[in-house]
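*Asks:* Next up, run-v2.cif (mmCIF, C-alpha atoms).
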```
data_final
loop_
_atom_site.label_atom_id
_atom_site.label_comp_id
_atom_site.auth_asym_id
_atom_site.auth_seq_id
_atom_site.Cartn_x
_atom_site.Cartn_y
_atom_site.Cartn_z
CA MET A 1 178.80 130.05 222.79
CA GLU A 2 177.41 133.46 223.40
CA THR A 3 176.51 136.56 221.44
CA ARG A 4 180.12 137.71 221.36
CA ASP A 5 181.07 134.50 219.55
CA THR A 6 178.27 135.03 217.02
CA VAL A 7 179.61 138.51 216.32
CA PHE A 8 183.17 137.17 215.88
CA ILE A 9 181.90 134.52 213.45
CA ALA A 10 179.95 137.05 211.37
CA LEU A 11 182.83 139.50 211.37
CA PHE A 12 185.35 136.93 210.26
CA ALA A 13 183.07 135.83 207.43
CA ALA A 14 183.17 139.47 206.29
CA ILE A 15 186.98 139.54 206.68
CA MET A 16 187.21 136.48 204.39
CA ALA A 17 185.26 138.48 201.81
CA ALA A 18 187.52 141.52 202.24
CA LEU A 19 190.61 139.36 201.71
CA ALA A 20 189.35 138.63 198.18
CA VAL A 21 190.15 142.23 197.24
CA PHE A 22 193.64 142.27 198.77
CA PRO A 23 196.24 142.97 196.10
CA PRO A 24 197.19 139.57 194.63
CA ILE A 25 200.91 138.77 194.72
CA THR A 26 202.49 137.08 191.72
CA LEU A 27 205.52 135.06 192.69
CA PRO A 28 208.52 135.55 190.44
CA LEU A 29 209.63 132.49 188.40
CA ILE A 30 206.43 130.54 189.03
CA GLY A 31 203.90 133.06 187.76
CA VAL A 32 200.91 131.68 189.63
CA PRO A 33 199.05 134.56 191.27
CA ILE A 34 198.29 133.90 194.91
CA THR A 35 195.31 135.50 196.58
CA ALA A 36 194.94 136.28 200.24
CA GLN A 37 191.76 134.28 200.74
CA SER A 38 193.40 131.04 201.87
CA LEU A 39 195.40 133.19 204.28
CA GLY A 40 192.01 134.03 205.79
CA VAL A 41 191.35 130.33 206.36
CA MET A 42 194.55 130.01 208.40
CA LEU A 43 193.76 133.20 210.33
CA ALA A 44 190.16 132.13 211.05
CA GLY A 45 191.48 129.10 212.92
CA GLY A 46 194.55 130.80 214.34
CA VAL A 47 192.73 133.88 215.64
CA LEU A 48 189.23 132.62 216.52
CA GLY A 49 190.02 129.02 217.48
CA ALA A 50 188.57 125.75 216.20
CA ARG A 51 184.82 126.09 216.64
CA ARG A 52 184.37 129.79 215.85
CA GLY A 53 186.88 129.61 213.00
CA ALA A 54 185.12 126.69 211.31
CA LEU A 55 181.70 128.29 211.78
CA ALA A 56 182.98 131.56 210.29
CA LEU A 57 184.04 129.62 207.19
CA VAL A 58 180.67 127.84 207.03
CA LEU A 59 178.90 131.20 207.18
CA PHE A 60 181.20 132.63 204.52
CA LEU A 61 180.53 129.68 202.20
CA VAL A 62 176.77 130.07 202.75
CA LEU A 63 177.06 133.70 201.63
CA VAL A 64 179.05 132.55 198.58
CA ALA A 65 176.49 129.85 197.79
CA ILE A 66 173.54 132.24 197.84
CA GLY A 67 175.16 134.22 195.05
CA LEU A 68 177.26 136.98 196.61
CA PRO A 69 180.46 137.41 194.56
CA LEU A 70 182.82 137.07 197.52
CA LEU A 71 185.48 134.69 196.24
CA ALA A 72 188.67 136.08 194.71
CA GLY A 73 187.96 137.25 191.16
CA GLY A 74 184.34 138.06 192.06
CA ARG A 75 183.14 134.47 191.85
CA GLY A 76 180.13 133.18 193.75
CA GLY A 77 176.97 131.12 193.51
CA PHE A 78 176.50 127.38 193.66
CA ALA A 79 178.63 126.86 190.57
CA VAL A 80 181.90 127.23 192.49
CA PHE A 81 181.12 124.14 194.57
CA LEU A 82 180.39 122.04 191.50
CA GLY A 83 183.59 122.90 189.63
CA PRO A 84 186.78 120.82 189.87
CA THR A 85 188.09 122.90 192.79
CA GLY A 86 184.97 122.65 194.97
CA GLY A 87 186.75 120.32 197.38
CA TYR A 88 189.13 123.05 198.46
CA LEU A 89 186.20 125.24 199.52
CA VAL A 90 184.73 122.45 201.64
CA GLY A 91 188.24 121.71 202.90
CA TRP A 92 188.53 125.30 204.15
CA VAL A 93 186.09 124.50 206.97
CA VAL A 94 188.07 121.41 208.03
CA ALA A 95 191.39 123.26 207.72
CA ALA A 96 190.16 126.18 209.84
CA TYR A 97 188.94 123.75 212.50
CA ALA A 98 192.21 121.83 212.54
CA ILE A 99 194.34 125.00 212.67
CA GLY A 100 192.13 126.35 215.44
CA LEU A 101 192.40 123.12 217.41
CA MET A 102 196.19 123.01 217.11
CA THR A 103 196.44 126.70 218.03
CA GLU A 104 194.36 126.06 221.16
CA ILE A 105 196.57 123.10 222.13
CA PHE A 106 199.87 124.94 221.52
CA TRP A 107 198.59 128.33 222.72
CA HIS A 108 201.18 128.77 225.47
CA ARG A 109 204.00 127.72 223.16
CA LEU A 110 202.83 129.73 220.12
CA THR A 111 205.87 131.20 218.37
CA HIS A 112 206.50 132.05 214.75
CA VAL A 113 207.86 128.53 214.24
CA THR A 114 204.98 126.62 215.81
CA ALA A 115 202.40 128.92 214.20
CA PHE A 116 204.01 128.31 210.79
CA ALA A 117 203.95 124.54 211.36
CA ILE A 118 200.30 124.66 212.45
CA SER A 119 199.34 126.69 209.36
CA ALA A 120 201.24 124.36 207.05
CA VAL A 121 199.74 121.16 208.50
CA GLY A 122 196.18 122.49 208.39
CA GLY A 123 196.31 124.90 205.45
CA ILE A 124 198.45 122.84 203.09
CA VAL A 125 198.67 119.14 204.08
CA LEU A 126 195.09 118.71 205.28
CA LEU A 127 193.54 121.07 202.73
CA TYR A 128 195.25 119.38 199.80
CA ALA A 129 194.38 115.95 201.23
CA ILE A 130 190.73 116.94 200.76
CA GLY A 131 190.96 119.06 197.60
CA ILE A 132 193.15 116.76 195.49
CA PRO A 133 191.11 113.51 195.75
CA TRP A 134 187.92 115.57 195.28
CA SER A 135 189.10 117.05 192.00
CA ALA A 136 190.45 113.65 190.88
CA VAL A 137 187.01 112.10 191.41
CA VAL A 138 184.81 114.84 189.92
CA ALA A 139 187.14 115.44 186.95
CA LYS A 140 187.71 111.70 186.44
CA VAL A 141 191.49 112.04 186.30
CA PRO A 142 194.08 109.87 188.09
CA LEU A 143 195.26 111.07 191.49
CA TRP A 144 198.77 111.92 190.29
CA THR A 145 197.36 114.30 187.64
CA ALA A 146 195.37 116.12 190.27
CA ILE A 147 198.48 116.30 192.46
CA GLY A 148 200.36 117.80 189.51
CA TRP A 149 197.69 120.51 189.12
CA SER A 150 198.07 121.66 192.69
CA THR A 151 201.88 121.71 193.06
CA PRO A 152 202.32 125.17 191.47
CA PHE A 153 200.32 126.63 194.37
CA ILE A 154 202.52 125.19 197.13
CA PRO A 155 205.22 127.93 197.12
CA GLY A 156 202.54 130.60 197.41
CA ASP A 157 200.86 128.67 200.19
CA LEU A 158 204.15 128.46 202.10
CA VAL A 159 204.46 132.25 201.86
CA LYS A 160 200.93 132.55 203.21
CA CYS A 161 201.76 130.20 206.11
CA ALA A 162 204.66 132.47 207.02
CA ILE A 163 202.43 135.57 206.87
CA ALA A 164 199.73 133.78 208.89
CA ALA A 165 202.30 132.82 211.53
CA VAL A 166 203.46 136.44 211.98
CA VAL A 167 199.86 137.70 212.16
CA MET A 168 198.76 134.94 214.58
CA VAL A 169 201.58 135.77 216.98
CA ALA A 170 200.92 139.52 216.67
CA VAL A 171 197.21 139.08 217.42
CA LYS A 172 197.99 136.74 220.32
CA ARG A 173 200.19 139.44 221.86
CA SER A 174 197.82 142.35 221.39
CA TYR A 175 194.23 141.04 221.33
CA PRO A 176 194.04 137.37 222.34
CA ILE A 177 190.56 135.83 222.17
CA ILE A 178 191.39 132.11 222.06
CA THR A 179 190.89 130.04 225.18
CA PRO A 180 193.65 127.44 225.34
CA ARG A 181 192.65 123.78 225.50
CA GLY A 182 192.56 122.44 229.01
CA ALA A 183 191.91 125.83 230.57
CA ALA A 184 189.33 125.90 233.33
CA SER A 185 186.63 128.00 231.70
CA THR A 186 184.71 126.71 228.68
CA THR A 187 182.99 129.98 227.75
CA ARG A 188 184.42 133.36 226.83
CA MET B 1 173.36 146.05 198.73
CA LEU B 2 176.40 144.43 197.18
CA GLY B 3 176.67 143.56 193.55
CA GLU B 4 175.34 140.05 193.21
CA GLY B 5 174.76 137.53 190.46
CA TYR B 6 171.05 138.37 190.20
CA VAL B 7 169.51 139.58 186.93
CA ALA B 8 166.03 141.04 187.35
CA GLY B 9 163.15 139.37 185.57
CA THR B 10 159.57 138.13 185.88
CA SER B 11 159.83 134.66 184.33
CA PRO B 12 158.45 131.55 186.08
CA LEU B 13 162.05 130.72 187.04
CA HIS B 14 162.50 134.09 188.75
CA ARG B 15 159.25 133.65 190.63
CA ALA B 16 159.80 130.02 191.70
CA ARG B 17 160.67 129.46 195.36
CA PRO B 18 164.43 129.21 195.97
CA LEU B 19 163.96 125.82 197.64
CA TRP B 20 162.46 124.29 194.48
CA LYS B 21 165.27 125.67 192.36
CA LEU B 22 167.83 124.16 194.74
CA LEU B 23 166.08 120.80 194.71
CA GLY B 24 166.06 120.92 190.90
CA LEU B 25 169.79 121.64 190.94
CA ILE B 26 170.45 118.71 193.27
CA VAL B 27 168.38 116.36 191.07
CA LEU B 28 170.27 117.52 187.98
CA CYS B 29 173.70 117.01 189.63
CA THR B 30 172.75 113.54 190.84
CA MET B 31 171.48 112.61 187.39
CA LEU B 32 174.68 113.80 185.74
CA PHE B 33 176.91 111.83 188.10
CA VAL B 34 174.97 108.57 188.46
CA GLY B 35 172.75 108.42 185.34
CA PRO B 36 173.70 106.86 181.99
CA ALA B 37 176.50 109.09 180.72
CA TRP B 38 175.53 110.63 177.35
CA PRO B 39 171.69 110.51 177.64
CA ALA B 40 171.91 112.16 181.09
CA LEU B 41 174.24 114.82 179.70
CA ALA B 42 171.97 115.50 176.72
CA LEU B 43 168.93 115.73 178.99
CA GLY B 44 170.77 118.00 181.45
CA GLY B 45 172.07 120.23 178.68
CA ALA B 46 168.60 120.53 177.17
CA ALA B 47 167.12 121.36 180.58
CA VAL B 48 169.70 124.10 181.22
CA ALA B 49 169.23 125.57 177.72
CA ALA B 50 165.46 125.54 178.23
CA GLY B 51 165.96 127.23 181.61
CA PHE B 52 168.03 130.03 180.10
CA ALA B 53 165.39 130.51 177.37
CA LEU B 54 162.55 130.45 179.88
CA ALA B 55 164.28 133.04 182.08
CA ARG B 56 164.99 135.16 178.93
CA LEU B 57 168.68 135.36 179.78
CA PRO B 58 170.92 136.11 176.80
CA PRO B 59 173.80 133.62 176.16
CA ILE B 60 176.31 136.28 177.26
CA HIS B 61 175.53 135.33 180.89
CA ALA B 62 176.46 131.72 180.18
CA ALA B 63 179.74 132.79 178.58
CA ARG B 64 180.52 135.06 181.54
CA ALA B 65 179.97 132.17 183.97
CA LEU B 66 182.27 129.82 182.10
CA ARG B 67 185.09 132.28 181.41
CA PRO B 68 186.83 132.06 184.82
CA LEU B 69 186.94 128.28 184.41
CA ALA B 70 188.12 128.29 180.79
CA TRP B 71 191.74 127.44 181.55
CA ILE B 72 190.96 124.64 183.97
CA LEU B 73 188.44 123.12 181.55
CA ALA B 74 191.02 123.33 178.75
CA LEU B 75 193.56 121.60 181.00
CA LEU B 76 191.03 118.92 181.90
CA PHE B 77 190.24 118.38 178.21
CA ALA B 78 193.93 117.98 177.37
CA VAL B 79 194.53 115.50 180.19
CA GLN B 80 191.48 113.40 179.36
CA LEU B 81 192.32 113.47 175.66
CA TRP B 82 195.74 112.06 176.43
CA LEU B 83 194.48 109.52 178.97
CA SER B 84 191.30 108.23 177.45
CA GLY B 85 190.54 109.76 174.06
CA TRP B 86 188.11 112.18 172.46
CA ALA B 87 184.82 110.83 173.74
CA LEU B 88 185.61 110.94 177.44
CA ALA B 89 187.45 114.26 177.16
CA ALA B 90 184.45 115.91 175.53
CA PHE B 91 182.13 114.27 178.06
CA ALA B 92 184.10 115.43 181.12
CA VAL B 93 184.30 119.04 179.94
CA LEU B 94 180.67 119.19 178.80
CA ARG B 95 179.46 117.73 182.08
CA PHE B 96 181.26 120.44 184.02
CA ALA B 97 179.88 123.10 181.69
CA VAL B 98 176.30 121.86 182.21
CA LEU B 99 176.76 121.65 186.00
CA ILE B 100 178.21 125.14 186.20
CA LEU B 101 175.58 126.65 183.92
CA ALA B 102 172.77 124.99 185.89
CA ALA B 103 174.11 126.43 189.14
CA THR B 104 174.61 129.81 187.47
CA LEU B 105 170.99 129.74 186.31
CA VAL B 106 169.84 129.41 189.94
CA THR B 107 172.11 132.29 190.99
CA LEU B 108 171.02 134.51 188.09
CA THR B 109 167.32 134.12 188.86
CA THR B 110 167.36 134.34 192.66
CA ARG B 111 168.13 137.32 194.87
CA SER B 112 170.47 136.65 197.80
CA SER B 113 167.83 138.09 200.11
CA GLU B 114 165.35 135.45 198.88
CA PHE B 115 167.83 132.76 199.89
CA VAL B 116 168.28 134.33 203.32
CA ASP B 117 164.48 134.43 203.75
CA GLY B 118 164.33 130.84 202.53
CA ILE B 119 166.98 129.70 205.02
CA LEU B 120 165.16 131.42 207.87
CA ALA B 121 161.81 129.97 206.75
CA LEU B 122 163.36 126.48 206.68
CA LEU B 123 164.72 127.05 210.18
CA ALA B 124 161.32 127.98 211.66
CA PRO B 125 160.07 124.41 212.19
CA ALA B 126 163.56 123.12 213.11
CA PRO B 127 163.98 121.34 216.47
CA ALA B 128 164.85 123.33 219.56
CA TRP B 129 168.54 122.38 219.63
CA VAL B 130 169.10 124.36 216.42
CA PRO B 131 170.16 127.86 217.52
CA LYS B 132 167.74 129.62 215.15
CA ALA B 133 168.04 133.08 216.65
CA ARG B 134 171.82 132.88 216.54
CA ILE B 135 171.91 131.72 212.92
CA ALA B 136 169.58 134.53 211.89
CA LEU B 137 171.72 137.02 213.82
CA ALA B 138 174.96 135.70 212.28
CA ILE B 139 173.63 135.98 208.71
CA SER B 140 172.21 139.48 209.13
CA LEU B 141 175.34 140.68 210.97
CA ALA B 142 177.61 139.25 208.25
CA LEU B 143 175.62 141.03 205.52
CA ARG B 144 176.02 144.29 207.45
CA PHE B 145 179.72 143.67 208.09
CA LEU B 146 180.65 143.06 204.44
CA PRO B 147 180.67 146.76 203.45
CA MET B 148 181.98 147.76 206.90
CA VAL B 149 185.08 145.54 206.73
CA ARG B 150 185.69 146.58 203.13
CA ASP B 151 185.72 150.25 204.24
CA MET B 152 188.05 149.37 207.12
CA LEU B 153 190.44 147.68 204.71
CA GLU B 154 190.36 150.65 202.34
CA GLN B 155 191.23 153.08 205.16
CA ILE B 156 194.07 150.86 206.36
CA ARG B 157 195.33 150.48 202.81
CA GLN B 158 195.46 154.26 202.37
CA ALA B 159 197.18 154.70 205.71
CA GLN B 160 199.79 152.07 204.84
CA ALA B 161 200.22 153.50 201.33
CA ALA B 162 201.49 156.67 203.01
CA ARG B 163 204.25 154.47 204.48
CA GLY B 164 204.83 152.60 201.22
CA LEU B 165 203.36 149.41 202.70
CA GLU B 166 200.11 149.10 200.72
CA ARG B 167 201.16 145.76 199.18
CA ASN B 168 202.49 144.30 202.42
CA LEU B 169 200.02 141.64 203.56
CA ILE B 170 201.24 141.71 207.18
CA ALA B 171 201.00 145.49 207.42
CA LEU B 172 197.43 145.27 206.08
CA SER B 173 196.06 142.25 207.89
CA VAL B 174 197.31 142.87 211.44
CA PRO B 175 195.59 146.29 211.79
CA LEU B 176 192.52 144.96 209.95
CA LEU B 177 192.17 142.03 212.36
CA LEU B 178 192.79 144.10 215.47
CA ARG B 179 190.27 146.74 214.42
CA ALA B 180 187.74 144.07 213.50
CA LEU B 181 188.15 142.19 216.79
CA LYS B 182 187.88 145.41 218.77
CA SER B 183 184.71 146.45 216.95
CA ALA B 184 183.27 142.94 217.45
CA ASP B 185 183.57 143.49 221.18
CA ASP B 186 181.92 146.92 220.89
CA ILE B 187 179.11 145.47 218.78
CA SER B 188 178.46 142.56 221.13
CA ALA B 189 178.34 145.03 224.04
CA ALA B 190 175.74 147.00 222.06
CA ILE B 191 173.75 143.80 221.42
CA TYR B 192 173.81 142.94 225.14
CA ALA B 193 172.70 146.47 225.95
CA ARG B 194 169.65 145.93 223.73
CA SER B 195 168.78 142.70 225.57
CA PHE B 196 169.09 140.27 222.66
CA ASP B 197 167.85 137.00 224.14
CA GLU B 198 170.19 134.09 223.52
CA ALA B 199 167.66 131.36 224.17
CA ASP B 200 165.10 132.64 221.61
#
```
Write the structure described by the file as C-alpha cells, please.
*Replies:*
Amino acid sequence: METRDTVFIALFAAIMAALAVFPPITLPLIGVPITAQSLGVMLAGGVLGARRGALALVLFLVLVAIGLPLLAGGRGGFAVFLGPTGGYLVGWVVAAYAIGLMTEIFWHRLTHVTAFAISAVGGIVLLYAIGIPWSAVVAKVPLWTAIGWSTPFIPGDLVKCAIAAVVMVAVKRSYPIITPRGAASTTR
Amino acid sequence: MLGEGYVAGTSPLHRARPLWKLLGLIVLCTMLFVGPAWPALALGGAAVAAGFALARLPPIHAARALRPLAWILALLFAVQLWLSGWALAAFAVLRFAVLILAATLVTLTTRSSEFVDGILALLAPAPAWVPKARIALAISLALRFLPMVRDMLEQIRQAQAARGLERNLIALSVPLLLRALKSADDISAAIYARSFDEAD
C-alpha cells in the first residue's frame, strides 16, 4: 500500500457518492427503480481490486455513517445501518472484496462473459446471502419472506452486472490498475 | 461543505462529545434487541422522545427520517400481522421506528466534521500498526473529492447529452472512471512532490 492506493480509495468513495445521483432507471413491467450505487460496488472491486475496493467501500460507509447524505435518495446517518436493509450495506464491503479477488485471479482471461459472471457471483449471490438473512433476523420474519422481498431487485441487478462487465473490460483495456494474482510484484 | 443531516443548536445534546452519543446509541440498540421486549421499547421510545425535546427539534425531523422507510415498515407490519398477530407486528415496526429515530437524533445533533475530528482523536493513541496518517489522508481526500467527482459527472453528463446518451450508464461511467483514475495518479504525484511521509 502506498499513497497512490490511498488516493484511489478516497476517489472511489467519492465515485460511490456520485453514483447516487445517476439517473435511476425504472425497468418496464417490474416497476422497481434501480439505482447505480450497487453498480459502484461491482466497479470498486472490478477496477481497484480486492483490498483497495473493499477499503473504498469501508471509507464510503464511514462517510455515510457520520451523516453525509450520500446514499441514493439522499439518505445517510447511522439510521441506515439499523434499518431492515442494513445488511446489504455491510455486504457491499464483502462483495467488493470478492469481486476484486475474482477479477485479480481471472485478470488475464477477463472478457465480458467472465466479468459478468464475477459481478453476478459477488454482487448478487454473495450480497444477497448476507443481506437476506440479516433482514430476516432484524425484522423477525422467516427467511422465505425476506427472500421474497429481494426478488424484485434481481432483474435490475442482472442489468447492472452486464453494465459492470462492459465497464470493467473497457477500463482494463484503457487504464488498468489491478495487479493480477500471482504476479511477481506485490506493490503498485 | 455538502448538505448534511445536521441542524444547528446549542442544547446539551448538540454540545455532547460525538463518542458519548455513539455509545448511547449502541447501548440503546443493545437494550432494544436483548432486553425485555415491551418495557425496553417503552424505555427506548421515552428516551428518544426526551432527546428530541432536549435538542429542541420539532417532530417534522422525525417524520422526515421515517418517510423513506414508510413502505418497508408497512410491508413488515403486514407480514408480521399475517404471521404472528397484532402485538408482534406493532412491536416490530415500533422497534425499527425507535432505532431509526435514535440514530437520526445523533445525526441531527452532530456535525460530520465533529465525527471526523472524533475519529482522528480516537486514532491518536492507537498502536503503531494502525496507519493513522493514511486514514486521516483518506478521509480528508474523500471529503475534497465528493464535490470534485460530482462536477466531473455533471460535465460528462452534459457532454453525453449532446450525443443523446445522458441516460446511458455505460457512456457515463466509463469516462467518469477513466477521468477519476487519471486524476488520482496526478494527485498522488502531487502528494509525493510535497513529501507526504508514509510512515508517519
*Asks:* From the options B:His14, B:Arg144, B:Lys132, B:Arg163, which residue's atoms come nearest to chain A, counting only C-alpha atoms?
*Replies:* B:Arg144
*Asks:* Just want the 6 Å neighbourhood of segment 78-95 of chain A, counted on all atoms listed in the file, with same-chain residues fewer than 5 positions away dropped. Output as a list of chain:residue names.
*Replies:*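 That gives A:Ala54, A:Leu57, A:Ala65, A:Gly122, A:Gly123, A:Leu127, A:Ile130, A:Gly131, A:Trp134, A:Ser135, B:Ile100, B:Ala103, B:Thr104.
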*Asks:* Running the PyMOL selection byres ((chain B) within 7 of (chain A)) on this model by hand, what would come out? Give it as a PDB file with C-alpha atoms, in the coordinates of the input.
*Replies:*
```pdb
ATOM      1  CA  GLU B   4     175.340 140.050 193.210  1.00  0.00           C
ATOM      2  CA  GLY B   5     174.760 137.530 190.460  1.00  0.00           C
ATOM      3  CA  ALA B  92     184.100 115.430 181.120  1.00  0.00           C
ATOM      4  CA  PHE B  96     181.260 120.440 184.020  1.00  0.00           C
ATOM      5  CA  LEU B  99     176.760 121.650 186.000  1.00  0.00           C
ATOM      6  CA  ILE B 100     178.210 125.140 186.200  1.00  0.00           C
ATOM      7  CA  ALA B 103     174.110 126.430 189.140  1.00  0.00           C
ATOM      8  CA  THR B 104     174.610 129.810 187.470  1.00  0.00           C
ATOM      9  CA  THR B 107     172.110 132.290 190.990  1.00  0.00           C
ATOM     10  CA  SER B 112     170.470 136.650 197.800  1.00  0.00           C
ATOM     11  CA  PHE B 115     167.830 132.760 199.890  1.00  0.00           C
ATOM     12  CA  ARG B 134     171.820 132.880 216.540  1.00  0.00           C
ATOM     13  CA  ALA B 138     174.960 135.700 212.280  1.00  0.00           C
ATOM     14  CA  ILE B 139     173.630 135.980 208.710  1.00  0.00           C
ATOM     15  CA  LEU B 141     175.340 140.680 210.970  1.00  0.00           C
ATOM     16  CA  ALA B 142     177.610 139.250 208.250  1.00  0.00           C
ATOM     17  CA  PHE B 145     179.720 143.670 208.090  1.00  0.00           C
ATOM     18  CA  LEU B 146     180.650 143.060 204.440  1.00  0.00           C
ATOM     19  CA  VAL B 149     185.080 145.540 206.730  1.00  0.00           C
ATOM     20  CA  ARG B 150     185.690 146.580 203.130  1.00  0.00           C
ATOM     21  CA  ARG B 167     201.160 145.760 199.180  1.00  0.00           C
ATOM     22  CA  ILE B 170     201.240 141.710 207.180  1.00  0.00           C
ATOM     23  CA  VAL B 174     197.310 142.870 211.440  1.00  0.00           C
ATOM     24  CA  LEU B 178     192.790 144.100 215.470  1.00  0.00           C
ATOM     25  CA  ALA B 184     183.270 142.940 217.450  1.00  0.00           C
ATOM     26  CA  ASP B 185     183.570 143.490 221.180  1.00  0.00           C
ATOM     27  CA  SER B 188     178.460 142.560 221.130  1.00  0.00           C
TER      28      SER B 188
END
```
*Asks:* Need the shell around Phe106 of chain A: protein/DNA/RNA residues with any atom at most 9 Å away, counting all atoms listed in the file. Skip same-chain ones fewer than 5 positions apart. Format as a ChimeraX atom specification?
*Replies:* /A:101,114-115,180-181
*Asks:* Between B:Gly85, B:Pro18, B:Gly51, B:Pro58, which one has atoms that come closest to Glu114 of chain B, using all atoms listed in the file?
*Replies:* B:Pro18
*Asks:* Rank nothing, just name the residue among B:Leu105, B:Ala136, B:Gln160, B:Val130 nearest to Asp117 of chain B, using all atoms listed in the file.
*Replies:*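 Checking each candidate against Asp117 of chain B, we get B:Ala136 as the closest.
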*Asks:* I'd like the interatomic distance between atom CA of Ala96 of chain A and atom CA of Lys182 of chain B, to a tenth of an Å.
*Replies:*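 Between atom CA of Ala96 of chain A and atom CA of Lys182 of chain B the gap works out to 21.3 Å.
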*Asks:* Check the smallest atom-to-atom distance from each of B:Met148, B:Val34, B:Val116, B:Leu57 to Ile135 of chain B using only C-alpha atoms, then report the winner.
*Replies:*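 Residue with the minimum atom-to-atom distance to Ile135 of chain B: B:Val116.
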*Asks:* If the PyMOL selection byres ((chain B and resi 65) around 9) were run on this exact file, what residues would it hold? Put them as a ChimeraX atom specification.
*Replies:* /A:75,79 /B:60-64,66-69,100-101,104
*Asks:* Could you state the separation of atom CA of Leu158 of chain A and atom CA of Ala129 of chain A in Å, given to one decimal place?
*Replies:*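 Separating atom CA of Leu158 of chain A from atom CA of Ala129 of chain A is a distance of 15.9 Å.
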*Asks:* Dump C-alpha atoms of segment 18-58 of chain B from the given block, as a PDB file, in the first residue's frame.
*Replies:*
```
ATOM      1  CA  PRO B  18     -19.768  12.512  19.477  1.00  0.00           C
ATOM      2  CA  LEU B  19     -18.237   9.464  21.181  1.00  0.00           C
ATOM      3  CA  TRP B  20     -20.719   9.640  24.078  1.00  0.00           C
ATOM      4  CA  LYS B  21     -23.633   9.971  21.689  1.00  0.00           C
ATOM      5  CA  LEU B  22     -22.436   6.913  19.774  1.00  0.00           C
ATOM      6  CA  LEU B  23     -22.013   4.906  22.962  1.00  0.00           C
ATOM      7  CA  GLY B  24     -25.547   5.919  23.980  1.00  0.00           C
ATOM      8  CA  LEU B  25     -26.827   4.751  20.605  1.00  0.00           C
ATOM      9  CA  ILE B  26     -25.065   1.395  20.972  1.00  0.00           C
ATOM     10  CA  VAL B  27     -26.491   0.915  24.490  1.00  0.00           C
ATOM     11  CA  LEU B  28     -29.986   1.730  23.226  1.00  0.00           C
ATOM     12  CA  CYS B  29     -29.723  -0.727  20.296  1.00  0.00           C
ATOM     13  CA  THR B  30     -28.450  -3.495  22.551  1.00  0.00           C
ATOM     14  CA  MET B  31     -31.249  -2.862  25.029  1.00  0.00           C
ATOM     15  CA  LEU B  32     -33.884  -2.986  22.293  1.00  0.00           C
ATOM     16  CA  PHE B  33     -32.610  -6.280  20.889  1.00  0.00           C
ATOM     17  CA  VAL B  34     -31.756  -8.195  24.074  1.00  0.00           C
ATOM     18  CA  GLY B  35     -33.858  -6.523  26.800  1.00  0.00           C
ATOM     19  CA  PRO B  36     -37.406  -7.500  27.803  1.00  0.00           C
ATOM     20  CA  ALA B  37     -39.477  -6.641  24.742  1.00  0.00           C
ATOM     21  CA  TRP B  38     -42.171  -4.081  25.652  1.00  0.00           C
ATOM     22  CA  PRO B  39     -40.513  -2.427  28.704  1.00  0.00           C
ATOM     23  CA  ALA B  40     -37.297  -1.945  26.686  1.00  0.00           C
ATOM     24  CA  LEU B  41     -39.282  -0.476  23.800  1.00  0.00           C
ATOM     25  CA  ALA B  42     -41.187   1.886  26.099  1.00  0.00           C
ATOM     26  CA  LEU B  43     -37.957   2.996  27.775  1.00  0.00           C
ATOM     27  CA  GLY B  44     -36.208   3.451  24.412  1.00  0.00           C
ATOM     28  CA  GLY B  45     -39.135   5.386  22.965  1.00  0.00           C
ATOM     29  CA  ALA B  46     -39.257   7.648  26.006  1.00  0.00           C
ATOM     30  CA  ALA B  47     -35.501   8.241  25.798  1.00  0.00           C
ATOM     31  CA  VAL B  48     -35.690   9.179  22.105  1.00  0.00           C
ATOM     32  CA  ALA B  49     -38.694  11.483  22.678  1.00  0.00           C
ATOM     33  CA  ALA B  50     -36.848  13.127  25.575  1.00  0.00           C
ATOM     34  CA  GLY B  51     -33.792  13.517  23.335  1.00  0.00           C
ATOM     35  CA  PHE B  52     -35.789  15.261  20.613  1.00  0.00           C
ATOM     36  CA  ALA B  53     -37.346  17.571  23.238  1.00  0.00           C
ATOM     37  CA  LEU B  54     -33.977  18.282  24.837  1.00  0.00           C
ATOM     38  CA  ALA B  55     -32.417  19.133  21.468  1.00  0.00           C
ATOM     39  CA  ARG B  56     -35.481  21.332  20.664  1.00  0.00           C
ATOM     40  CA  LEU B  57     -36.028  19.535  17.361  1.00  0.00           C
ATOM     41  CA  PRO B  58     -39.568  19.812  16.005  1.00  0.00           C
TER      42      PRO B  58
END
```
